[in-house]
Amino acid sequence: MMTVVGNNALICRPQSESCCASMKLGVLKLPACNCKAKSLGFHITGTEVKTTFLPPVRKTETSRTVHINGKSASSHQPGYNSNDEISAIDFSGFSEKSDRQELLQQRGCVIWITGLSGSGKSTVACALGRGLHARGKLTYILDGDNVRHGLNRDLSFAAEDRAENIRRIGEVAKLFVDAGVICIASLISPYREERDACRASLPEGDFIEVFMDVPLHVCEARDPKGLYKLARAGKIKGFTGIDDPYEPPLKSEIVLRQNQGLCDSPDDFADVVISYLDKNGYLKA
């Protein structure tokens with residue numbers, strides 16, 4: 001039996017005293033209760049209650065499919081074990097990348113700023129982020145130093161860990177690009193092979209390499225973190241530019257050079273990148 005309390009509350013009363021004997025205050029033990037309310041849907045208008053029989057939850061959920069071991073299968077088919085490995089999930093009902101780009105009125109891409117320590121990568125990345133924000137564009141900066149405080153805090157500076165550091169950042173940047181965001185990745189990334197691998201993981205045109213072409217002696221003279229001094233003293237091993245190589249890009253989309261008398265400020269450098277994005281259609285859907 002159903003009782004209406006006010007206009008929007010329902011109380012389920014058992015058909016017999018023994019029907020819900022196991023129900024305690026604040027606890028509903030469904031297996032012990034045969035109340036019809038479990039299979040009813042309710043629509044309240046004023047004081048009138050209309051009931052509608054709803055299909056069992058299990059029957060409704062069988063329409064959800066996943067791909068198990070390469071085959072499409074219902075997550076509630078007889079014999080299906082929820083602990084089975086699921087290799088892929090069908091996201092076809094979600095919006096496409098083009099829809100997200102239309103919403104943001106921009107093309108998702110990764111701007112990969114590479115160069116020696118002290119070349120100004122982070123400073124230019126921040127200036128670029130401000131410049132694009134002023135134009136109403138959504139960006140996110142992945143800075144090599146900051147990422148090591150969280151996502152990559154378990155990695156050292158050994159060769160294999162440095163490679164894994166680049167790979168992870170590349171995968172995160174790829175997700176941002178798929179979301180339609182302009183992702184600015186600022187990190188030394190000294191090896192061509194690792195940068196090229198990140199480029200290859202993205203659709204053509206979604207990876208824009210920006211090379212901070214600043215000579216070693218200029219970077220070492222700046223030495224904003226004192227790292228070159230420590231490396232020269234032998235207190236840091238494998239430091240890029242001192243006892244570990246830096247492989248400059250051969251075919252980067254943008255090269256930013258110091259001491260040319262034209263583009264010496266971070267904002268000037270940022271404007272060069274923004275002009276490239278605008279010219280090549282990244283600042284519109």
# chains A, B, ... in the order shown; residues from 1 in each chain; ligands from 1
>>> select_by_dssp(residues="stretch 121-157 of chain A", states="strand (DSSP E)", output="MDAnalysis selection string")
chainID A and resid 139:143
>>> atom_distance(atom1="atom CA of A:Ser252", atom2="atom CA of A:Glu209")
5.0 Å
>>> residues_around(residues="A:Gln105", least_positions_apart="2", cutoff="9 Å", atoms="only C-alpha atoms", output="NGL selection string")
:A and (100-103 or 107 or 137 or 180 or 282-285)
>>> closest_residue(among="A:Asp271, A:Ser186, A:Lys235, A:Trp112", to="A:Leu132", atoms="only C-alpha atoms")
A:Asp271
>>> residues_around(residues="A:Lys121", least_positions_apart="3", cutoff="12 Å", atoms="only C-alpha atoms", output="VMD selection string")
chain A and resid 111 to 118 124 to 128 141 to 145 184 to 189 210 to 214 219 256 to 257 266 269 to 270
>>> closest_residue(among="A:Arg192, A:His149, A:Arg167, A:Arg135", to="A:Tyr246", atoms="only C-alpha atoms")
A:Arg192
>>> select_by_dssp(residues="stretch 57-280 of chain A", states="helix (DSSP H, G or I)", output="PyMOL selection string")
chain A and resi 57-61+97-104+121-134+144-147+159-178+192-200+216-222+227-232+266-279
>>> closest_residue(among="A:Ala221, A:Leu227, A:Val181, A:Val272", to="A:His133", atoms="only C-alpha atoms")
A:Val181
>>> atom_distance(atom1="atom CA of A:Leu151", atom2="atom CA of A:Arg168")
8.3 Å
>>> atom_distance(atom1="atom CA of A:Phe176", atom2="atom CA of A:Glu96")
13.5 Å
>>> residues_around(residues="A:Gly238", least_positions_apart="3", cutoff="9 Å", atoms="only C-alpha atoms", output="PDB file with all heavy atoms, in the first residue's frame")
ATOM      1  N   PHE A 157      66.773  10.597 -12.763  1.00  0.00           N
ATOM      2  CA  PHE A 157      67.330  11.230 -13.951  1.00  0.00           C
ATOM      3  C   PHE A 157      68.239  10.278 -14.725  1.00  0.00           C
ATOM      4  O   PHE A 157      69.022  10.712 -15.572  1.00  0.00           O
ATOM      5  CB  PHE A 157      68.088  12.506 -13.565  1.00  0.00           C
ATOM      6  CG  PHE A 157      67.169  13.635 -13.176  1.00  0.00           C
ATOM      7  CD1 PHE A 157      66.783  13.815 -11.851  1.00  0.00           C
ATOM      8  CD2 PHE A 157      66.661  14.502 -14.129  1.00  0.00           C
ATOM      9  CE1 PHE A 157      65.937  14.849 -11.487  1.00  0.00           C
ATOM     10  CE2 PHE A 157      65.803  15.535 -13.774  1.00  0.00           C
ATOM     11  CZ  PHE A 157      65.443  15.710 -12.456  1.00  0.00           C
ATOM     12  N   ALA A 158      68.094   8.975 -14.441  1.00  0.00           N
ATOM     13  CA  ALA A 158      68.798   7.972 -15.228  1.00  0.00           C
ATOM     14  C   ALA A 158      68.224   7.957 -16.644  1.00  0.00           C
ATOM     15  O   ALA A 158      67.086   8.386 -16.873  1.00  0.00           O
ATOM     16  CB  ALA A 158      68.665   6.598 -14.579  1.00  0.00           C
ATOM     17  N   ALA A 159      68.991   7.452 -17.606  1.00  0.00           N
ATOM     18  CA  ALA A 159      68.599   7.512 -19.014  1.00  0.00           C
ATOM     19  C   ALA A 159      67.221   6.897 -19.260  1.00  0.00           C
ATOM     20  O   ALA A 159      66.373   7.492 -19.941  1.00  0.00           O
ATOM     21  CB  ALA A 159      69.652   6.819 -19.875  1.00  0.00           C
ATOM     22  N   ALA A 231      76.960  21.156 -11.984  1.00  0.00           N
ATOM     23  CA  ALA A 231      77.411  20.174 -12.971  1.00  0.00           C
ATOM     24  C   ALA A 231      78.905  20.339 -13.251  1.00  0.00           C
ATOM     25  O   ALA A 231      79.655  19.355 -13.366  1.00  0.00           O
ATOM     26  CB  ALA A 231      76.611  20.325 -14.259  1.00  0.00           C
ATOM     27  N   GLY A 241      74.074  19.102 -21.806  1.00  0.00           N
ATOM     28  CA  GLY A 241      74.913  20.202 -22.252  1.00  0.00           C
ATOM     29  C   GLY A 241      76.298  20.184 -21.653  1.00  0.00           C
ATOM     30  O   GLY A 241      77.215  20.817 -22.190  1.00  0.00           O
ATOM     31  N   ILE A 242      76.467  19.466 -20.536  1.00  0.00           N
ATOM     32  CA  ILE A 242      77.777  19.393 -19.887  1.00  0.00           C
ATOM     33  C   ILE A 242      78.386  18.014 -20.109  1.00  0.00           C
ATOM     34  O   ILE A 242      79.369  17.861 -20.824  1.00  0.00           O
ATOM     35  CB  ILE A 242      77.683  19.721 -18.386  1.00  0.00           C
ATOM     36  CG1 ILE A 242      77.072  21.119 -18.197  1.00  0.00           C
ATOM     37  CG2 ILE A 242      79.063  19.627 -17.724  1.00  0.00           C
ATOM     38  CD1 ILE A 242      77.867  22.239 -18.825  1.00  0.00           C
ATOM     39  N   ASP A 243      77.811  16.981 -19.484  1.00  0.00           N
ATOM     40  CA  ASP A 243      78.325  15.629 -19.708  1.00  0.00           C
ATOM     41  C   ASP A 243      77.255  14.703 -20.288  1.00  0.00           C
ATOM     42  O   ASP A 243      77.376  13.491 -20.227  1.00  0.00           O
ATOM     43  CB  ASP A 243      78.914  15.043 -18.421  1.00  0.00           C
ATOM     44  CG  ASP A 243      77.942  15.086 -17.244  1.00  0.00           C
ATOM     45  OD1 ASP A 243      76.831  15.596 -17.419  1.00  0.00           O
ATOM     46  OD2 ASP A 243      78.311  14.612 -16.152  1.00  0.00           O
ATOM     47  N   ASP A 244      76.205  15.295 -20.831  1.00  0.00           N
ATOM     48  CA  ASP A 244      75.182  14.531 -21.540  1.00  0.00           C
ATOM     49  C   ASP A 244      74.761  15.370 -22.744  1.00  0.00           C
ATOM     50  O   ASP A 244      74.633  16.603 -22.628  1.00  0.00           O
ATOM     51  CB  ASP A 244      73.978  14.254 -20.630  1.00  0.00           C
ATOM     52  CG  ASP A 244      73.204  13.018 -21.065  1.00  0.00           C
ATOM     53  OD1 ASP A 244      73.822  11.946 -21.162  1.00  0.00           O
ATOM     54  OD2 ASP A 244      71.998  13.136 -21.329  1.00  0.00           O
ATOM     55  N   PRO A 245      74.560  14.751 -23.899  1.00  0.00           N
ATOM     56  CA  PRO A 245      74.328  15.541 -25.119  1.00  0.00           C
ATOM     57  C   PRO A 245      72.925  16.109 -25.224  1.00  0.00           C
ATOM     58  O   PRO A 245      71.978  15.610 -24.607  1.00  0.00           O
ATOM     59  CB  PRO A 245      74.572  14.519 -26.240  1.00  0.00           C
ATOM     60  CG  PRO A 245      74.194  13.207 -25.613  1.00  0.00           C
ATOM     61  CD  PRO A 245      74.621  13.300 -24.181  1.00  0.00           C
TER      62      PRO A 245
END
>>> closest_residue(among="A:Lys251, A:His217, A:Arg162, A:Arg195", to="A:Phe239", atoms="only C-alpha atoms")
A:Arg162
